[in-house]
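Below is the file entry.cif, which contains mmCIF, C-alpha atoms and all ligand atoms.
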data_my_file
loop_
_atom_site.label_atom_id
_atom_site.label_comp_id
_atom_site.auth_asym_id
_atom_site.auth_seq_id
_atom_site.Cartn_x
_atom_site.Cartn_y
_atom_site.Cartn_z
CA MET C 24 3.42 22.53 5.34
CA THR C 25 5.01 22.69 8.77
CA ASP C 26 8.78 22.95 9.16
CA ASP C 27 8.81 19.41 10.58
CA ILE C 28 7.29 17.89 7.46
CA ARG C 29 9.59 19.92 5.24
CA GLU C 30 12.59 18.67 7.15
CA ILE C 31 11.61 15.00 7.08
CA ARG C 32 10.69 15.26 3.39
CA ARG C 33 14.07 16.78 2.66
CA LEU C 34 15.88 14.03 4.57
CA ALA C 35 13.85 11.30 2.80
CA ALA C 36 14.57 12.82 -0.62
CA GLN C 37 18.29 12.89 0.20
CA VAL C 38 18.34 9.27 1.38
CA ALA C 39 16.27 8.24 -1.63
CA ALA C 40 18.75 9.84 -4.03
CA ASP C 41 21.91 8.64 -2.25
CA VAL C 42 20.92 5.13 -1.18
CA TYR C 43 17.83 3.77 -2.88
CA ALA C 44 17.93 5.30 -6.38
CA PRO C 45 21.15 3.45 -7.27
CA MET C 46 19.59 0.05 -6.43
CA ALA C 47 16.09 0.65 -7.84
CA ASP C 48 16.77 -0.58 -11.41
CA GLU C 49 18.36 -3.79 -10.19
CA LEU C 50 15.60 -4.64 -7.69
CA ASP C 51 13.03 -4.18 -10.47
CA ALA C 52 14.94 -6.11 -13.13
CA GLU C 53 15.69 -9.01 -10.77
CA ARG C 54 12.35 -8.86 -8.93
CA ARG C 55 14.39 -8.80 -5.71
CA PRO C 56 13.00 -7.40 -2.43
CA LEU C 57 14.81 -4.70 -0.49
CA PRO C 58 17.76 -6.32 1.37
CA VAL C 59 17.15 -6.78 5.10
CA GLU C 60 20.06 -4.50 6.02
CA GLU C 61 18.46 -1.72 3.95
CA ARG C 62 15.18 -2.22 5.78
CA LYS C 63 17.08 -1.91 9.05
CA ARG C 64 18.64 1.29 7.75
CA LEU C 65 15.12 2.67 7.29
CA GLY C 66 14.50 1.67 10.91
CA GLU C 67 17.66 3.41 12.11
CA LEU C 68 16.64 6.55 10.24
CA GLY C 69 13.38 6.46 12.17
CA PHE C 70 11.29 6.14 9.00
CA LEU C 71 9.54 2.90 9.98
CA GLY C 72 7.97 4.31 13.13
CA ILE C 73 7.12 7.90 12.18
CA ALA C 74 3.38 7.49 12.87
CA LEU C 75 3.71 4.87 15.63
CA PRO C 76 3.86 5.75 19.35
CA GLU C 77 7.11 6.78 21.02
CA GLU C 78 6.74 4.15 23.73
CA PHE C 79 7.33 1.48 21.04
CA GLY C 80 10.28 3.27 19.45
CA GLY C 81 8.30 5.42 17.01
CA SER C 82 8.03 9.21 16.75
CA GLY C 83 4.30 9.61 17.37
CA ALA C 84 4.09 12.11 14.50
CA PRO C 85 0.96 12.71 12.40
CA ILE C 86 0.40 10.34 9.49
CA SER C 87 1.13 13.16 7.01
CA HIS C 88 4.82 13.00 8.04
CA ALA C 89 4.99 9.32 7.13
CA LEU C 90 3.21 10.02 3.84
CA ALA C 91 5.84 12.62 2.93
CA VAL C 92 8.57 10.00 3.39
CA ILE C 93 6.62 7.37 1.44
CA GLU C 94 6.26 9.85 -1.42
CA GLU C 95 9.93 10.80 -1.55
CA LEU C 96 11.14 7.17 -1.45
CA GLY C 97 8.30 6.07 -3.74
CA LYS C 98 9.37 8.48 -6.45
CA VAL C 99 12.65 6.60 -6.90
CA CYS C 100 12.39 3.13 -5.30
CA ARG C 101 9.02 1.54 -4.51
CA PRO C 102 10.51 -1.51 -2.72
CA ALA C 103 12.07 0.88 -0.17
CA ALA C 104 8.91 3.01 0.09
CA PHE C 105 6.88 -0.16 0.56
CA GLN C 106 8.62 -0.88 3.88
CA VAL C 107 7.68 2.57 5.22
CA PHE C 108 4.16 2.09 3.84
CA GLU C 109 3.68 -1.30 5.57
CA SER C 110 4.91 -0.14 8.97
CA ASN C 111 3.28 3.31 9.10
CA THR C 112 0.07 2.79 7.18
CA GLY C 113 -0.31 -0.99 6.88
CA PRO C 114 -0.97 -3.88 9.27
CA ALA C 115 1.24 -2.45 12.03
CA GLN C 116 -1.32 0.35 12.39
CA VAL C 117 -4.01 -2.28 12.98
CA ILE C 118 -1.93 -3.63 15.87
CA ASN C 119 -1.39 -0.08 17.09
CA HIS C 120 -5.07 0.91 16.98
CA LEU C 121 -6.81 -2.37 17.79
CA GLY C 122 -4.25 -4.62 19.50
CA THR C 123 -3.92 -5.16 23.24
CA GLU C 124 -1.14 -3.41 25.16
CA GLN C 125 0.69 -6.74 25.33
CA GLN C 126 0.44 -7.25 21.54
CA ARG C 127 1.68 -3.76 20.83
CA ARG C 128 4.68 -4.30 23.13
CA ARG C 129 5.37 -7.68 21.56
CA TRP C 130 5.32 -6.72 17.87
CA LEU C 131 5.67 -2.98 17.30
CA PRO C 132 9.25 -2.32 18.55
CA ASP C 133 10.71 -4.92 16.17
CA ILE C 134 8.71 -3.48 13.27
CA VAL C 135 9.82 0.07 14.06
CA ALA C 136 13.45 -1.11 14.19
CA GLY C 137 13.16 -2.99 10.88
CA GLU C 138 13.98 -6.25 12.64
CA LYS C 139 10.65 -7.71 11.54
CA THR C 140 8.18 -6.94 8.82
CA MET C 141 4.49 -7.58 8.56
CA ALA C 142 2.01 -8.42 5.79
CA VAL C 143 -1.78 -8.25 5.67
CA ALA C 144 -3.63 -11.30 4.33
CA ILE C 145 -7.22 -10.55 3.36
CA SER C 146 -7.77 -11.59 -0.29
CA GLU C 147 -8.42 -15.17 -1.34
CA PRO C 148 -8.71 -16.93 -4.70
CA ASP C 149 -12.52 -16.52 -4.60
CA ALA C 150 -12.80 -13.45 -2.39
CA GLY C 151 -11.24 -10.24 -3.74
CA SER C 152 -13.55 -7.22 -3.91
CA ALA C 153 -16.06 -9.41 -2.06
CA ALA C 154 -13.68 -9.80 0.89
CA THR C 155 -16.46 -10.97 3.21
CA ASP C 156 -16.80 -14.12 1.06
CA MET C 157 -13.52 -15.28 2.57
CA ARG C 158 -13.40 -18.93 3.60
CA THR C 159 -10.18 -19.16 5.59
CA SER C 160 -11.26 -20.28 9.04
CA ALA C 161 -9.75 -20.41 12.50
CA LYS C 162 -11.35 -22.95 14.83
CA PRO C 163 -10.91 -22.50 18.59
CA VAL C 164 -9.16 -25.46 20.26
CA ASP C 165 -8.30 -24.92 23.95
CA ASP C 166 -6.34 -21.66 24.10
CA THR C 167 -5.36 -21.75 20.41
CA TYR C 168 -6.92 -21.37 16.96
CA VAL C 169 -6.36 -23.89 14.15
CA ILE C 170 -6.30 -22.10 10.81
CA ASN C 171 -7.00 -23.53 7.34
CA GLY C 172 -7.29 -21.74 3.99
CA THR C 173 -5.41 -19.90 1.26
CA LYS C 174 -4.76 -16.18 0.89
CA ARG C 175 -3.84 -14.69 -2.49
CA TRP C 176 -1.88 -11.67 -3.79
CA ILE C 177 -0.25 -11.11 -0.42
CA SER C 178 2.34 -8.35 -0.73
CA ASN C 179 5.46 -9.29 1.22
CA GLY C 180 4.17 -12.89 1.15
CA GLY C 181 7.01 -15.26 2.00
CA GLU C 182 9.22 -12.34 3.02
CA ALA C 183 7.29 -11.00 6.02
CA ASP C 184 7.82 -12.36 9.53
CA LEU C 185 4.26 -11.68 10.74
CA TYR C 186 0.94 -12.14 8.87
CA LEU C 187 -2.11 -10.24 10.04
CA THR C 188 -4.66 -12.72 8.76
CA TYR C 189 -8.33 -11.84 8.30
CA THR C 190 -10.21 -15.08 8.91
CA ARG C 191 -13.48 -16.63 10.06
CA LEU C 192 -13.15 -16.84 13.82
CA SER C 193 -16.73 -18.00 14.29
CA ASP C 194 -19.48 -19.66 12.23
CA ALA C 195 -21.50 -16.42 11.99
CA PRO C 196 -22.24 -15.68 8.31
CA GLY C 197 -20.79 -12.84 6.19
CA SER C 198 -18.73 -10.19 7.90
CA LYS C 199 -20.03 -11.11 11.38
CA GLY C 200 -17.72 -14.14 11.69
CA ILE C 201 -14.58 -12.36 10.53
CA GLY C 202 -11.76 -11.17 12.78
CA GLY C 203 -7.98 -10.82 12.62
CA ILE C 204 -5.19 -12.98 14.03
CA VAL C 205 -1.40 -12.71 13.71
CA VAL C 206 0.48 -15.77 12.46
CA GLU C 207 4.25 -15.89 12.71
CA LYS C 208 6.42 -17.16 9.87
CA GLY C 209 7.90 -20.53 10.75
CA THR C 210 4.71 -21.79 12.41
CA PRO C 211 4.24 -25.43 11.29
CA GLY C 212 1.67 -25.72 8.49
CA LEU C 213 2.25 -22.17 7.19
CA SER C 214 3.67 -22.17 3.66
CA PHE C 215 3.89 -19.89 0.64
CA GLY C 216 3.11 -20.28 -3.06
CA ALA C 217 5.56 -19.41 -5.82
CA GLN C 218 6.36 -15.72 -6.14
CA GLU C 219 3.91 -14.07 -8.56
CA LYS C 220 5.31 -12.54 -11.72
CA LEU C 221 3.41 -9.26 -11.60
CA MET C 222 3.39 -6.63 -14.35
CA GLY C 223 4.85 -4.12 -11.89
CA PHE C 224 5.53 -4.14 -8.13
CA ARG C 225 8.82 -5.92 -8.94
CA GLY C 226 10.94 -5.93 -5.82
CA ILE C 227 7.79 -6.12 -3.69
CA PRO C 228 7.18 -9.85 -3.18
CA SER C 229 3.71 -11.28 -3.78
CA ALA C 230 2.64 -14.84 -3.03
CA ASP C 231 -0.15 -17.08 -1.81
CA VAL C 232 -0.07 -17.70 1.92
CA ILE C 233 -1.30 -21.20 2.72
CA PHE C 234 -2.59 -22.34 6.10
CA ASP C 235 -2.73 -26.09 6.68
CA ASP C 236 -3.78 -26.79 10.28
CA VAL C 237 -1.70 -23.85 11.49
CA VAL C 238 -1.95 -23.49 15.27
CA ALA C 239 -1.78 -19.91 16.57
CA PRO C 240 -2.19 -18.89 20.22
CA ALA C 241 -5.52 -17.25 21.10
CA ASP C 242 -3.36 -14.40 22.45
CA ASN C 243 -2.59 -13.55 18.81
CA VAL C 244 -6.21 -12.57 18.06
CA VAL C 245 -6.08 -8.82 17.42
CA VAL C 246 -9.74 -8.41 16.55
CA PRO C 247 -12.32 -11.01 17.58
CA ALA C 248 -15.17 -12.22 15.34
CA GLY C 249 -17.53 -9.40 14.49
CA GLY C 250 -14.77 -6.81 14.32
CA PHE C 251 -14.53 -6.67 10.53
CA GLY C 252 -15.90 -3.12 10.49
CA LYS C 253 -13.17 -2.03 12.90
CA LEU C 254 -10.50 -3.72 10.78
CA PHE C 255 -11.75 -1.86 7.75
CA GLY C 256 -11.89 1.41 9.68
CA VAL C 257 -8.14 1.19 10.25
CA PHE C 258 -7.67 0.03 6.66
CA SER C 259 -8.44 3.64 5.68
CA ILE C 260 -4.92 4.46 6.87
CA GLU C 261 -3.52 1.87 4.46
CA ARG C 262 -5.50 3.53 1.69
CA LEU C 263 -3.77 6.84 2.48
CA GLY C 264 -0.47 5.03 1.97
CA ASN C 265 -1.72 3.51 -1.27
CA THR C 266 -2.87 6.95 -2.50
CA THR C 267 0.58 8.33 -1.68
CA MET C 268 2.28 5.59 -3.71
CA SER C 269 0.13 6.51 -6.72
CA LEU C 270 0.96 10.18 -6.20
CA ALA C 271 4.68 9.39 -5.94
CA VAL C 272 4.64 7.44 -9.17
CA ALA C 273 2.80 10.25 -11.00
CA GLN C 274 4.97 13.02 -9.52
CA ALA C 275 8.09 11.14 -10.65
CA ALA C 276 6.68 10.83 -14.18
CA LEU C 277 5.84 14.53 -14.17
CA ASP C 278 9.30 15.57 -12.89
CA ARG C 279 11.12 13.45 -15.45
CA THR C 280 8.89 14.63 -18.29
CA THR C 281 9.25 18.29 -17.31
CA ALA C 282 13.03 17.94 -17.60
CA TYR C 283 12.87 15.87 -20.78
CA VAL C 284 10.67 18.20 -22.84
CA GLN C 285 13.06 21.05 -22.13
CA GLU C 286 16.13 19.04 -23.16
CA ARG C 287 14.94 17.09 -26.16
CA GLU C 288 14.86 19.03 -29.42
CA GLN C 289 12.90 18.34 -32.60
CA PHE C 290 12.46 20.64 -35.59
CA GLY C 291 15.31 22.68 -34.15
CA LYS C 292 13.73 23.59 -30.84
CA PRO C 293 12.93 22.00 -27.44
CA LEU C 294 9.72 19.89 -27.34
CA VAL C 295 8.23 22.22 -24.74
CA GLU C 296 7.98 24.98 -27.36
CA PHE C 297 5.19 23.06 -29.12
CA GLN C 298 1.73 23.98 -27.90
CA SER C 299 0.37 20.43 -27.79
CA VAL C 300 3.33 19.39 -25.61
CA GLN C 301 2.50 22.28 -23.27
CA THR C 302 -1.13 21.12 -23.15
CA ASN C 303 -0.12 17.58 -22.26
CA LEU C 304 2.33 18.78 -19.63
CA ALA C 305 -0.31 21.08 -18.15
CA ASP C 306 -2.75 18.14 -18.01
CA MET C 307 -0.18 16.15 -16.07
CA VAL C 308 0.32 19.00 -13.58
CA LEU C 309 -3.43 19.56 -13.22
CA GLN C 310 -4.08 15.94 -12.41
CA VAL C 311 -1.17 15.48 -10.01
CA GLU C 312 -2.03 18.66 -8.08
CA ALA C 313 -5.73 17.75 -7.86
CA ALA C 314 -4.86 14.32 -6.43
CA ARG C 315 -2.36 15.88 -4.02
CA ALA C 316 -4.99 18.28 -2.70
CA LEU C 317 -7.44 15.42 -2.08
CA LEU C 318 -4.75 13.38 -0.34
CA GLU C 319 -3.84 16.30 1.92
CA LYS C 320 -7.49 16.76 2.85
CA ALA C 321 -7.85 13.07 3.63
CA ALA C 322 -4.62 12.99 5.65
CA ASP C 323 -5.68 16.11 7.62
CA SER C 324 -8.89 14.32 8.58
CA ALA C 325 -6.70 11.75 10.42
CA ASP C 326 -5.20 14.34 12.77
CA THR C 327 -7.54 13.49 15.60
CA GLY C 328 -8.17 9.79 14.94
CA LEU C 329 -8.94 7.59 11.97
CA PRO C 330 -9.21 9.27 8.57
CA ASP C 331 -12.60 10.14 7.12
CA PRO C 332 -13.47 7.21 4.77
CA PHE C 333 -15.27 9.54 2.32
CA LYS C 334 -12.20 11.73 1.90
CA VAL C 335 -9.95 8.68 1.70
CA SER C 336 -11.98 7.04 -1.06
CA LEU C 337 -12.12 10.30 -3.02
CA ALA C 338 -8.34 10.60 -2.78
CA LYS C 339 -7.56 6.94 -3.53
CA CYS C 340 -9.88 6.69 -6.51
CA THR C 341 -8.57 9.95 -7.98
CA ALA C 342 -4.87 9.21 -7.39
CA ASN C 343 -5.04 5.60 -8.64
CA GLU C 344 -6.63 6.57 -11.94
CA MET C 345 -4.60 9.75 -12.27
CA ALA C 346 -1.28 7.86 -11.94
CA LYS C 347 -2.19 5.53 -14.80
CA ARG C 348 -3.04 8.49 -17.07
CA VAL C 349 -0.12 10.70 -16.06
CA THR C 350 2.51 7.96 -16.46
CA ASP C 351 0.99 7.14 -19.85
CA LEU C 352 1.27 10.79 -20.94
CA GLY C 353 4.84 10.89 -19.63
CA MET C 354 5.76 7.84 -21.69
CA GLN C 355 4.23 9.39 -24.80
CA LEU C 356 6.09 12.68 -24.32
CA HIS C 357 9.34 10.72 -24.04
CA GLY C 358 8.71 9.18 -27.48
CA GLY C 359 10.80 6.06 -28.14
CA ASN C 360 12.82 6.69 -25.00
CA GLY C 361 9.64 6.41 -22.93
CA TYR C 362 9.24 2.87 -24.17
CA THR C 363 12.67 1.77 -22.90
CA GLU C 364 13.55 0.46 -19.45
CA GLU C 365 16.48 2.88 -19.36
CA TYR C 366 14.30 5.97 -18.90
CA GLY C 367 12.15 4.40 -16.16
CA LEU C 368 8.81 5.72 -17.46
CA GLU C 369 7.53 2.27 -18.37
CA ARG C 370 8.27 1.06 -14.82
CA LEU C 371 6.28 3.95 -13.34
CA HIS C 372 3.40 3.03 -15.64
CA ARG C 373 3.59 -0.67 -14.71
CA ASP C 374 3.58 0.19 -11.01
CA SER C 375 0.68 2.63 -11.35
CA HIS C 376 -1.62 -0.23 -12.34
CA GLY C 377 -0.77 -2.28 -9.25
CA TRP C 378 -1.73 0.44 -6.76
CA ALA C 379 -5.07 0.82 -8.54
CA ILE C 380 -5.95 -2.82 -7.84
CA ALA C 381 -4.45 -3.18 -4.35
CA GLY C 382 -6.42 -1.89 -1.38
CA GLY C 383 -9.82 -1.93 -3.12
CA THR C 384 -10.34 -1.03 -6.78
CA PRO C 385 -11.57 2.40 -7.98
CA ALA C 386 -14.94 0.76 -8.75
CA MET C 387 -15.27 -0.25 -5.09
CA GLN C 388 -14.11 3.22 -3.97
CA ARG C 389 -16.89 4.75 -6.09
CA THR C 390 -19.47 2.59 -4.35
CA ARG C 391 -18.03 3.71 -1.02
CA ILE C 392 -18.09 7.37 -2.08
CA VAL C 393 -21.80 7.26 -2.91
CA SER C 394 -22.49 5.21 0.19
CA GLU C 395 -20.82 7.84 2.41
CA LEU C 396 -22.42 10.67 0.43
CA LEU C 397 -25.94 9.34 0.94
CA GLY C 398 -25.37 7.77 4.35
CA ARG C 399 -26.61 4.36 3.25
CA ARG C 400 -25.19 1.00 2.22
CA PHE C 401 -25.55 -0.59 -1.22
CA ASP C 402 -25.84 -4.34 -0.93
CA GLN C 403 -23.73 -5.80 -3.77
CA ARG C 404 -25.40 -9.19 -3.46
CA ARG C 405 -29.05 -8.30 -4.03
C1 LIG X 501 -0.23 -5.37 -6.60
C2 LIG X 501 -1.26 -5.95 -5.67
C3 LIG X 501 -1.00 -6.02 -4.30
C4 LIG X 501 -1.94 -6.59 -3.45
N1 LIG X 501 -1.65 -6.72 -2.11
C5 LIG X 501 -2.52 -7.37 -1.31
C6 LIG X 501 -2.19 -7.63 0.08
O1 LIG X 501 -1.09 -7.29 0.54
N2 LIG X 501 -3.10 -8.28 0.84
C7 LIG X 501 -4.29 -8.68 0.37
O2 LIG X 501 -5.07 -9.25 1.12
N3 LIG X 501 -4.65 -8.47 -0.93
C8 LIG X 501 -3.79 -7.83 -1.77
N4 LIG X 501 -4.10 -7.62 -3.09
C9 LIG X 501 -5.38 -8.10 -3.59
C10 LIG X 501 -6.34 -6.96 -3.90
O3 LIG X 501 -6.86 -6.42 -2.72
C11 LIG X 501 -7.44 -7.53 -4.83
O4 LIG X 501 -6.81 -7.91 -6.04
C12 LIG X 501 -8.53 -6.52 -5.09
O5 LIG X 501 -9.30 -6.28 -3.93
C13 LIG X 501 -9.45 -6.98 -6.24
O6 LIG X 501 -9.87 -8.29 -6.06
P1 LIG X 501 -9.73 -9.34 -7.27
O7 LIG X 501 -8.36 -9.29 -7.79
O8 LIG X 501 -10.24 -10.64 -6.79
O9 LIG X 501 -10.68 -8.77 -8.40
P2 LIG X 501 -12.27 -8.95 -8.48
O10 LIG X 501 -12.87 -8.66 -7.16
O11 LIG X 501 -12.57 -10.25 -9.13
O12 LIG X 501 -12.65 -7.74 -9.44
C14 LIG X 501 -12.45 -7.79 -10.86
C15 LIG X 501 -13.04 -6.51 -11.46
O13 LIG X 501 -14.44 -6.48 -11.18
C16 LIG X 501 -14.76 -5.26 -10.50
N5 LIG X 501 -15.80 -5.51 -9.51
C17 LIG X 501 -15.87 -6.50 -8.58
N6 LIG X 501 -16.96 -6.36 -7.82
C18 LIG X 501 -17.58 -5.24 -8.24
C19 LIG X 501 -18.76 -4.54 -7.84
N7 LIG X 501 -19.51 -4.94 -6.82
N8 LIG X 501 -19.08 -3.39 -8.49
C20 LIG X 501 -18.34 -2.94 -9.54
N9 LIG X 501 -17.21 -3.56 -9.96
C21 LIG X 501 -16.84 -4.69 -9.31
C22 LIG X 501 -13.47 -4.79 -9.85
O14 LIG X 501 -13.46 -3.39 -9.65
C23 LIG X 501 -12.43 -5.24 -10.86
O15 LIG X 501 -12.30 -4.27 -11.86
C24 LIG X 501 -3.18 -7.05 -3.96
C25 LIG X 501 -3.42 -6.97 -5.34
C26 LIG X 501 -2.48 -6.44 -6.18
C27 LIG X 501 -2.75 -6.41 -7.68
#

Give the structure from this file in structure tokens form.
Ligand SMILES: Cc1cc2nc3c(=O)[nH]c(=O)nc-3n(C[C@H](O)[C@H](O)[C@H](O)COP(=O)(O)OP(=O)(O)OC[C@H]3O[C@@H](n4cnc5c(N)ncnc54)[C@H](O)[C@@H]3O)c2cc1C
Amino acid sequence: MTDDIREIRRLAAQVAADVYAPMADELDAERRPLPVEERKRLGELGFLGIALPEEFGGSGAPISHALAVIEELGKVCRPAAFQVFESNTGPAQVINHLGTEQQRRRWLPDIVAGEKTMAVAISEPDAGSAATDMRTSAKPVDDTYVINGTKRWISNGGEADLYLTYTRLSDAPGSKGIGGIVVEKGTPGLSFGAQEKLMGFRGIPSADVIFDDVVAPADNVVVPAGGFGKLFGVFSIERLGNTTMSLAVAQAALDRTTAYVQEREQFGKPLVEFQSVQTNLADMVLQVEAARALLEKAADSADTGLPDPFKVSLAKCTANEMAKRVTDLGMQLHGGNGYTEEYGLERLHRDSHGWAIAGGTPAMQRTRIVSELLGRRFDQRR
């Protein structure tokens, strides 16, 4: 670890403990998103633009610096970490990598400052893992596109100001017709479904995004039809963020459990004195450290461009599944207390499941891993 990462990690851990930990329970219990002023605070701290270029207000640092901040915030307050995730690893990176100079100037400074936030709208009611089955279409009319369709499970849906919408920009079949266009909240015809009541992810809004003859300027097209592969190339950065969220959740469960088994006594001695408790704790450490090593390898591969998709899928698949197991073990080692909201273990477990569905399931990551390993594609339709 370089001194720079250590320093930003230390700062993020401090802010997490002082500012976001005290509000985390309430945001979860009330399913309330991070207040706008708190998002702006993240902007003022420079956390929203760590891995975005300096000319747009960011720091131009490697992605690993942003991941360190996501982890520290994510250990205590996922709604706060989510903002750093969206701006540094999410749709804003698509604008950064694939947008025109004019688009980057138009949208990135506000995102870096926390003035605006962005969501990515890919999934649809009938197109989840099979994203290229999407039906939302954008028809060219003069110098605009008219968009119709429904997107589902959109994190930050209803809350975000800008929606990077993957849509059919031409009649070409499959992935060939798909591109990306930004739609601004408030555009006539753009509406949102009711907020989903998810098992976890409480405090991170999720809703359908509905397009009913929404007119967006052609200037808002970030990636024209046929650019789906490029969009998914940059999506590897989002998967690094997703992996980090899983790691954060698991590390938090491990930290809390390590403290708990030394404090709690049964049969006249601390739980940690029992060999089976040691075995379980060791299993938690083993799994967290293995996932961390894979994440670091994947993040290092992004030093000179986009991350290596093979390394990213290895890390995401491992971390997503690891977080579910490790939080489960943590709950068990907390006994009855692990099953209460008060101790926070159940929340970590609920959240671990969400990250393992978002951003492509472990099953789809496995297909990708073998595909990259063998250098060939596996057609899921034939
Ligand atoms: C918390 C959360 C946040 C999300 N945020 C966003 C967001 O911001 N933007 C967005 O666009 N989407 C978002 N999503 C949607 C997410 O990307 C999809 O839920 C995910 O891709 C899976 O699609 P699905 O739910 O339709 O499940 P399905 O695709 O129906 O899959 C159901 C099951 O079948 C398996 N399966 C499907 N196809 C195959 C196959 N070929 N081989 C083996 N197994 C297969 C899957 O692995 C899964 O276990 C989010 C989802 C969640 C839960």

Using 9 Å as the limit and counting only C-alpha atoms and all ligand atoms, can you tabulate each residue of chain C that touches ligand LIG 501 (chain X), with its shortest atom-to-atom distance in Å and the two atoms involved, as a tab-separated table?
residue	atom	partner	partner_atom	distance
C:Gly113	CA	X:LIG501	O1	9.0
C:Ala142	CA	X:LIG501	O1	6.2
C:Val143	CA	X:LIG501	N2	5.0
C:Ala144	CA	X:LIG501	O2	4.1
C:Ile145	CA	X:LIG501	O2	3.4
C:Ser146	CA	X:LIG501	O2	3.8
C:Glu147	CA	X:LIG501	O2	7.2
C:Pro148	CA	X:LIG501	O8	6.8
C:Asp149	CA	X:LIG501	O8	6.7
C:Ala150	CA	X:LIG501	O8	5.8
C:Gly151	CA	X:LIG501	O8	3.2
C:Ser152	CA	X:LIG501	O10	3.6
C:Ala153	CA	X:LIG501	O10	6.1
C:Ala154	CA	X:LIG501	O5	7.4
C:Lys174	CA	X:LIG501	O2	6.9
C:Arg175	CA	X:LIG501	N3	6.5
C:Trp176	CA	X:LIG501	N4	4.7
C:Ile177	CA	X:LIG501	C6	4.0
C:Ser178	CA	X:LIG501	O1	3.8
C:Asn179	CA	X:LIG501	O1	6.9
C:Gly180	CA	X:LIG501	O1	7.7
C:Thr188	CA	X:LIG501	O2	8.4
C:Tyr189	CA	X:LIG501	O2	8.3
C:Leu221	CA	X:LIG501	C1	7.3
C:Met222	CA	X:LIG501	C1	8.6
C:Gly223	CA	X:LIG501	C1	7.4
C:Phe224	CA	X:LIG501	C1	6.1
C:Ile227	CA	X:LIG501	C1	8.6
C:Ser229	CA	X:LIG501	C3	7.1
C:Asp374	CA	X:LIG501	C1	8.1
C:His376	CA	X:LIG501	C27	7.8
C:Gly377	CA	X:LIG501	C1	4.1
C:Trp378	CA	X:LIG501	C1	6.0
C:Ala379	CA	X:LIG501	C27	7.6
C:Ile380	CA	X:LIG501	C27	4.8
C:Ala381	CA	X:LIG501	C25	4.1
C:Gly382	CA	X:LIG501	O3	4.7
C:Gly383	CA	X:LIG501	O5	4.5
C:Thr384	CA	X:LIG501	O14	4.9
C:Pro385	CA	X:LIG501	O14	6.3
C:Ala386	CA	X:LIG501	O14	4.5
C:Met387	CA	X:LIG501	O14	5.8
C:Gln388	CA	X:LIG501	O14	8.7
C:Arg389	CA	X:LIG501	C20	8.6
C:Thr390	CA	X:LIG501	N8	7.3
C:Asp402	CA	X:LIG501	N7	8.7
C:Gln403	CA	X:LIG501	N7	5.3
C:Arg404	CA	X:LIG501	N7	8.0

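Proximity to Thr140 in chain C was assessed for C:Lys162, C:Lys63, C:Lys199, C:Lys220 counting all atoms listed in the file; the smallest distance is recorded for C:Lys63.
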
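Computed from the coordinates, the CA of Phe70 in chain C to CA of Tyr186 in chain C distance equals 21.0 Å.
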
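Minimum distance to Glu288 in chain C across C:Leu356, C:Ile170, C:Leu68, C:Ala275 (counting all atoms listed in the file) occurs at C:Leu356.
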
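Using all atoms listed in the file, the shortest contact distance between Pro332 in chain C and any of C:Glu109, C:Glu67, C:Asp242, C:Glu261 is found at C:Glu261.
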